[in-house]
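Participant: Coordinates in query_15.txt, compact mmCIF, C-alpha atoms (C1' of nucleotides), are listed below.
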# COMPACT_ATOMS: atom_id res chain seq x y z
CA MET A 1 119.91 111.59 98.99
CA LYS A 2 119.34 111.20 102.72
CA GLU A 3 121.41 109.23 105.18
CA ASP A 4 120.22 105.81 106.15
CA PRO A 5 120.19 106.50 109.91
CA LEU A 6 117.23 108.78 109.41
CA TYR A 7 115.04 106.87 111.78
CA LYS A 8 112.17 109.06 110.76
CA ASN A 9 111.96 107.51 107.33
CA ARG A 10 112.69 103.88 108.03
CA LYS A 11 109.68 101.67 107.46
CA VAL A 12 109.57 99.44 110.48
CA ILE A 13 106.22 99.95 112.22
CA THR A 14 103.40 97.44 111.83
CA ILE A 15 99.85 98.53 111.17
CA GLY A 16 98.67 97.67 114.66
CA VAL A 17 101.15 100.07 116.24
CA VAL A 18 100.39 102.72 113.63
CA SER A 19 96.74 102.37 114.53
CA GLU A 20 97.55 103.00 118.20
CA LEU A 21 99.84 105.92 117.34
CA THR A 22 97.35 107.66 115.06
CA GLY A 23 94.02 106.64 116.53
CA LEU A 24 92.91 105.50 113.08
CA SER A 25 91.39 102.08 112.45
CA GLU A 26 93.36 99.58 110.40
CA ARG A 27 90.58 99.77 107.86
CA GLN A 28 91.12 103.50 107.47
CA ILE A 29 94.88 103.14 107.20
CA ARG A 30 94.56 100.53 104.47
CA TYR A 31 91.98 102.61 102.67
CA TYR A 32 94.25 105.66 102.58
CA GLU A 33 96.83 103.46 100.97
CA GLU A 34 94.30 102.38 98.39
CA ARG A 35 93.67 106.06 97.71
CA LYS A 36 97.42 106.57 97.32
CA LEU A 37 97.87 108.87 100.25
CA ILE A 38 100.37 106.64 101.98
CA PHE A 39 102.94 104.11 100.79
CA PRO A 40 104.03 101.47 103.28
CA GLU A 41 106.62 98.86 102.47
CA ARG A 42 105.92 95.17 102.88
CA THR A 43 107.64 92.38 104.72
CA GLU A 44 108.50 89.26 102.81
CA ARG A 45 105.09 87.80 103.43
CA GLY A 46 103.09 90.92 102.81
CA ASN A 47 102.75 92.66 106.15
CA ARG A 48 102.73 96.44 105.90
CA LYS A 49 105.52 98.46 107.49
CA TYR A 50 105.34 102.22 108.09
CA SER A 51 107.79 104.98 109.06
CA PHE A 52 107.39 107.77 111.58
CA SER A 53 106.94 110.08 108.59
CA ASP A 54 104.05 107.92 107.50
CA VAL A 55 102.55 108.16 110.97
CA GLU A 56 102.78 111.95 110.82
CA ARG A 57 101.28 112.06 107.40
CA LEU A 58 98.42 109.90 108.60
CA ILE A 59 97.78 112.30 111.46
CA ASP A 60 97.67 115.14 108.92
CA ILE A 61 95.25 113.16 106.83
CA ALA A 62 93.07 112.45 109.83
CA ASN A 63 92.92 116.18 110.62
CA LYS A 64 91.93 117.06 107.09
CA ARG A 65 89.31 114.34 107.02
CA ASP A 66 87.90 115.80 110.22
CA GLU A 67 87.57 119.09 108.38
CA GLY A 68 85.64 117.29 105.69
CA VAL A 69 88.38 117.21 103.06
CA ARG A 70 87.97 114.26 100.70
CA THR A 71 90.75 111.78 100.09
CA TYR A 72 90.89 112.83 96.45
CA GLU A 73 91.45 116.44 97.44
CA ILE A 74 94.10 115.50 99.96
CA ARG A 75 95.87 113.64 97.20
CA GLN A 76 95.70 116.65 94.89
CA GLU A 77 97.29 118.84 97.56
CA MET A 78 100.00 116.27 98.07
CA LEU A 79 100.80 116.20 94.37
CA LYS A 80 100.94 120.00 94.24
CA ASP A 81 103.34 120.14 97.15
CA LYS A 82 105.45 117.47 95.55
CA LYS A 83 105.60 119.40 92.31
CA ARG A 84 106.72 122.55 94.11
CA GLU A 85 109.50 120.64 95.80
CA ASP A 86 110.62 119.03 92.59
CA ASP A 87 110.62 122.35 90.75
CA ALA A 88 112.63 123.96 93.52
CA LYS A 89 115.07 121.11 93.36
CA ILE A 90 115.52 121.51 89.62
CA ARG A 91 116.00 125.29 89.88
CA ASN A 92 118.61 124.62 92.51
CA GLN A 93 120.43 122.17 90.30
CA MET A 94 120.34 124.53 87.34
CA LEU A 95 121.78 127.31 89.46
CA ARG A 96 124.55 125.03 90.62
CA GLY A 97 125.22 124.02 87.05
CA GLN A 98 125.53 127.63 85.95
CA LEU A 99 127.80 128.60 88.80
CA ASN A 100 129.91 125.56 88.30
CA ALA A 101 130.22 126.09 84.55
CA ARG A 102 131.24 129.73 84.92
CA PHE A 103 133.25 129.77 88.10
CA GLY A 104 134.08 126.16 88.74
CA ILE A 105 132.60 126.15 92.21
CA PRO A 106 133.85 123.06 94.01
CA LYS A 107 131.09 120.59 94.75
CA GLY A 108 129.43 121.48 98.06
CA LYS A 109 127.70 119.11 100.37
CA ASN A 110 124.85 118.23 98.08
CA MET B 1 114.30 115.00 129.91
CA LYS B 2 114.21 114.42 126.15
CA GLU B 3 111.59 115.51 123.69
CA ASP B 4 108.95 113.04 122.69
CA PRO B 5 109.58 113.35 118.94
CA LEU B 6 112.86 111.53 119.40
CA TYR B 7 112.02 108.80 116.97
CA LYS B 8 115.16 107.03 118.01
CA ASN B 9 113.82 106.19 121.42
CA ARG B 10 110.20 105.44 120.70
CA LYS B 11 109.34 101.79 121.24
CA VAL B 12 107.36 100.83 118.18
CA ILE B 13 109.17 97.97 116.44
CA THR B 14 107.97 94.38 116.79
CA ILE B 15 110.36 91.54 117.45
CA GLY B 16 110.08 90.14 113.95
CA VAL B 17 111.31 93.39 112.39
CA VAL B 18 114.02 93.72 115.03
CA SER B 19 115.14 90.24 114.10
CA GLU B 20 115.44 91.26 110.45
CA LEU B 21 117.20 94.50 111.35
CA THR B 22 119.76 92.87 113.63
CA GLY B 23 120.15 89.43 112.14
CA LEU B 24 119.52 87.94 115.56
CA SER B 25 116.98 85.19 116.17
CA GLU B 26 113.89 86.01 118.19
CA ARG B 27 115.16 83.49 120.71
CA GLN B 28 118.37 85.46 121.15
CA ILE B 29 116.54 88.77 121.43
CA ARG B 30 114.26 87.40 124.14
CA TYR B 31 117.17 85.85 125.94
CA TYR B 32 119.08 89.13 126.07
CA GLU B 33 116.02 90.63 127.66
CA GLU B 34 116.00 87.85 130.23
CA ARG B 35 119.64 88.71 130.93
CA LYS B 36 118.63 92.37 131.38
CA LEU B 37 120.57 93.71 128.45
CA ILE B 38 117.54 95.15 126.72
CA PHE B 39 114.19 96.50 127.90
CA PRO B 40 111.37 96.48 125.39
CA GLU B 41 107.94 97.82 126.18
CA ARG B 42 104.84 95.72 125.75
CA THR B 43 101.61 96.23 123.88
CA GLU B 44 98.37 95.77 125.77
CA ARG B 45 98.38 92.05 125.12
CA GLY B 46 102.03 91.44 125.75
CA ASN B 47 103.80 91.84 122.44
CA ARG B 48 107.28 93.32 122.71
CA LYS B 49 108.04 96.71 121.14
CA TYR B 50 111.58 98.02 120.58
CA SER B 51 113.14 101.38 119.66
CA PHE B 52 115.89 102.13 117.15
CA SER B 53 118.16 102.60 120.16
CA ASP B 54 117.31 99.09 121.21
CA VAL B 55 118.16 97.82 117.75
CA GLU B 56 121.54 99.53 117.91
CA ARG B 57 122.21 98.16 121.34
CA LEU B 58 121.36 94.70 120.11
CA ILE B 59 123.84 95.08 117.27
CA ASP B 60 126.46 96.08 119.83
CA ILE B 61 125.58 93.06 121.89
CA ALA B 62 125.83 90.80 118.87
CA ASN B 63 129.30 92.13 118.12
CA LYS B 64 130.47 91.56 121.65
CA ARG B 65 129.01 88.08 121.70
CA ASP B 66 130.94 87.37 118.51
CA GLU B 67 134.07 88.37 120.36
CA GLY B 68 133.18 85.85 123.02
CA VAL B 69 132.01 88.33 125.65
CA ARG B 70 129.44 86.76 127.98
CA THR B 71 126.05 88.34 128.60
CA TYR B 72 126.95 88.83 132.24
CA GLU B 73 130.05 90.78 131.29
CA ILE B 74 128.15 92.87 128.78
CA ARG B 75 125.72 93.73 131.53
CA GLN B 76 128.53 94.74 133.85
CA GLU B 77 129.93 97.10 131.22
CA MET B 78 126.50 98.58 130.71
CA LEU B 79 126.09 99.25 134.39
CA LYS B 80 129.50 100.89 134.58
CA ASP B 81 128.69 103.18 131.67
CA LYS B 82 125.39 104.03 133.25
CA LYS B 83 127.06 104.95 136.50
CA ARG B 84 129.50 107.23 134.71
CA GLU B 85 126.66 109.02 133.02
CA ASP B 86 124.71 109.39 136.21
CA ASP B 87 127.72 110.73 138.05
CA ALA B 88 128.39 113.24 135.30
CA LYS B 89 124.78 114.31 135.44
CA ILE B 90 124.97 114.89 139.16
CA ARG B 91 128.20 116.86 138.90
CA ASN B 92 126.55 118.96 136.25
CA GLN B 93 123.54 119.64 138.43
CA MET B 94 125.70 120.56 141.39
CA LEU B 95 127.66 123.00 139.27
CA ARG B 96 124.43 124.56 138.06
CA GLY B 97 123.21 124.80 141.61
CA GLN B 98 126.36 126.61 142.70
CA LEU B 99 126.30 129.04 139.84
CA ASN B 100 122.66 129.72 140.30
CA ALA B 101 122.99 130.28 144.02
CA ARG B 102 125.87 132.72 143.61
CA PHE B 103 125.06 134.52 140.41
CA GLY B 104 121.40 133.79 139.82
CA ILE B 105 121.98 132.36 136.38
CA PRO B 106 118.63 132.16 134.61
CA LYS B 107 117.50 128.63 134.00
CA GLY B 108 118.96 127.37 130.73
CA LYS B 109 117.54 124.71 128.45
CA ASN B 110 117.22 121.65 130.66
C1' DC C 1 125.69 79.58 129.29
C1' DG C 2 123.59 80.56 125.01
C1' DT C 3 120.67 79.07 121.57
C1' DG C 4 117.73 75.80 118.80
C1' DT C 5 113.38 73.66 118.47
C1' DA C 6 108.62 71.59 118.85
C1' DA C 7 104.11 72.70 121.26
C1' DG C 8 99.79 74.93 121.78
C1' DG C 9 97.33 78.87 122.09
C1' DA C 10 96.21 83.64 121.45
C1' DA C 11 96.58 87.78 118.85
C1' DT C 12 97.86 89.98 114.25
C1' DT C 13 97.46 90.85 109.59
C1' DC C 14 95.79 90.04 104.98
C1' DT C 15 92.34 90.06 101.18
C1' DG C 16 87.82 90.36 99.08
C1' DA C 17 83.18 91.27 100.02
C1' DC C 18 78.75 93.02 101.73
C1' DA C 19 76.61 97.02 104.00
C1' DC C 20 75.19 101.81 104.40
C1' DG C 21 74.82 105.99 102.27
C1' DC D 1 82.86 107.98 99.30
C1' DG D 2 84.57 106.42 103.58
C1' DT D 3 84.32 103.12 106.98
C1' DG D 4 82.47 99.09 109.71
C1' DT D 5 82.23 94.25 110.00
C1' DA D 6 82.22 89.04 109.58
C1' DA D 7 85.05 85.38 107.14
C1' DG D 8 88.78 82.30 106.59
C1' DG D 9 93.38 81.59 106.31
C1' DA D 10 98.20 82.43 106.99
C1' DA D 11 101.84 84.36 109.63
C1' DT D 12 103.32 86.36 114.26
C1' DT D 13 104.25 86.29 118.93
C1' DC D 14 104.12 84.39 123.53
C1' DT D 15 105.48 81.21 127.29
C1' DG D 16 107.51 77.17 129.39
C1' DA D 17 110.18 73.25 128.43
C1' DC D 18 113.56 69.90 126.71
C1' DA D 19 118.09 69.54 124.48
C1' DC D 20 123.06 70.13 124.10
C1' DG D 21 127.00 71.44 126.26
Show me this structure written as structure tokens.
Facilitator:
Amino acid sequence: MKEDPLYKNRKVITIGVVSELTGLSERQIRYYEERKLIFPERTERGNRKYSFSDVERLIDIANKRDEGVRTYEIRQEMLKDKKREDDAKIRNQMLRGQLNARFGIPKGKN
Amino acid sequence: MKEDPLYKNRKVITIGVVSELTGLSERQIRYYEERKLIFPERTERGNRKYSFSDVERLIDIANKRDEGVRTYEIRQEMLKDKKREDDAKIRNQMLRGQLNARFGIPKGKN
DNA sequence: CGTGTAAGGAATTCTGACACG
DNA sequence: CGTGTAAGGAATTCTGACACG
């Protein structure tokens, strides 16, 4: 979908730097992964790599945790948001399909 | 000058990842720093951190090296480009100053 | 000049576990 | 549940140097 040069989503930051950037301990960062709140990639030998998006998400998580929200609840919210996005995407595609079928709208920029 | 959320310029990538991203050896990357072609930041204990801009510059450097351009020459080109930019910036500021002095143009963005 | 490599040490990261609560 | 910590090992990074050319 997105272009590759979206620096924001490229997983290139090691956990130590993420820890500095977010103020979270490495233990916390790894735990949030265990709870499926964050999904780093891995280097060949297993070192975690995060994107700027991940860093922002971690800051969000940290704020919610400060408010007392549990990791399970944070995950539920995430899944809800994801569902909304996916539904919106599907509605969009259906609309395009209809328009295209009836009027032969030339394919726009995605 | 620029906003902080410019992911492109934030120095967060370790040399190992930069090596993967550019295909250059760590030795080469450190050498280009020695030759003042690249300027990573350092973590508290001395580990180098690079930005996406740095990665792109390194790829440029690698291409020029492949063409046989020497590091010294690459540096000269860099300095020339920098001077052009700086001169343009100054001309721009002078123009703003003139306009402002004569017509009191409200301060624009930057 | 540009890059490879072996050297030795220090810092990083990883996993699984025990602890407290 | 969420996080700290000590444990042991493996991988990372650093610097200064020798090598070749």
Participant: Using only C-alpha atoms (C1' of nucleotides), I'd like every residue of chain A that has an atom within 8 Å of chain D; please write them out as a ChimeraX atom specification.
Facilitator: /A:27-28,45
Participant: Pick out the chain A residues within 7 Å of chain B. Count all atoms listed in the file. Give them as a ChimeraX atom specification.
Facilitator: /A:7-8,12-13,17
Participant: How far is it from CA of Arg42 (chain B) to CA of Lys82 (chain B), in Å with one decimal?
Facilitator: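 Interatomic distance here is 23.4 Å.
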Participant: So how far away is CA of Gly23 (chain B) from CA of Arg57 (chain A), in Å?
Facilitator: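 Those two atoms sit 29.8 Å apart.
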Participant: Go ahead and compute the interatomic distance for CA of Gln76 (chain B) and CA of Ser19 (chain B), in Å to one decimal.
Facilitator: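 For CA of Gln76 (chain B) relative to CA of Ser19 (chain B), the distance reads 24.3 Å.
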Participant: Neighbouring residues of Arg75 (chain A) were defined as those with any atom within 10 Å, considering all atoms listed in the file; residues of the same chain fewer than 2 positions away were excluded. Please report them as a list in words.
Facilitator: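 In the requested form, the answer reads Tyr32, Arg35, Lys36, Leu37, Ile38, Ile61, Arg70, Thr71, Tyr72, Glu73, Glu77, Met78, Leu79, Lys80 and Asp81 of chain A.
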Participant: Next, write the just-selected residues to a file, as an mmCIF file, in the frame of the given file, keeping C-alpha atoms as the atom set.
Facilitator:
data_model
loop_
_atom_site.group_PDB
_atom_site.id
_atom_site.type_symbol
_atom_site.label_atom_id
_atom_site.label_comp_id
_atom_site.auth_asym_id
_atom_site.auth_seq_id
_atom_site.Cartn_x
_atom_site.Cartn_y
_atom_site.Cartn_z
ATOM 1 C CA TYR A 32 94.250 105.660 102.580
ATOM 2 C CA ARG A 35 93.670 106.060 97.710
ATOM 3 C CA LYS A 36 97.420 106.570 97.320
ATOM 4 C CA LEU A 37 97.870 108.870 100.250
ATOM 5 C CA ILE A 38 100.370 106.640 101.980
ATOM 6 C CA ILE A 61 95.250 113.160 106.830
ATOM 7 C CA ARG A 70 87.970 114.260 100.700
ATOM 8 C CA THR A 71 90.750 111.780 100.090
ATOM 9 C CA TYR A 72 90.890 112.830 96.450
ATOM 10 C CA GLU A 73 91.450 116.440 97.440
ATOM 11 C CA GLU A 77 97.290 118.840 97.560
ATOM 12 C CA MET A 78 100.000 116.270 98.070
ATOM 13 C CA LEU A 79 100.800 116.200 94.370
ATOM 14 C CA LYS A 80 100.940 120.000 94.240
ATOM 15 C CA ASP A 81 103.340 120.140 97.150
#
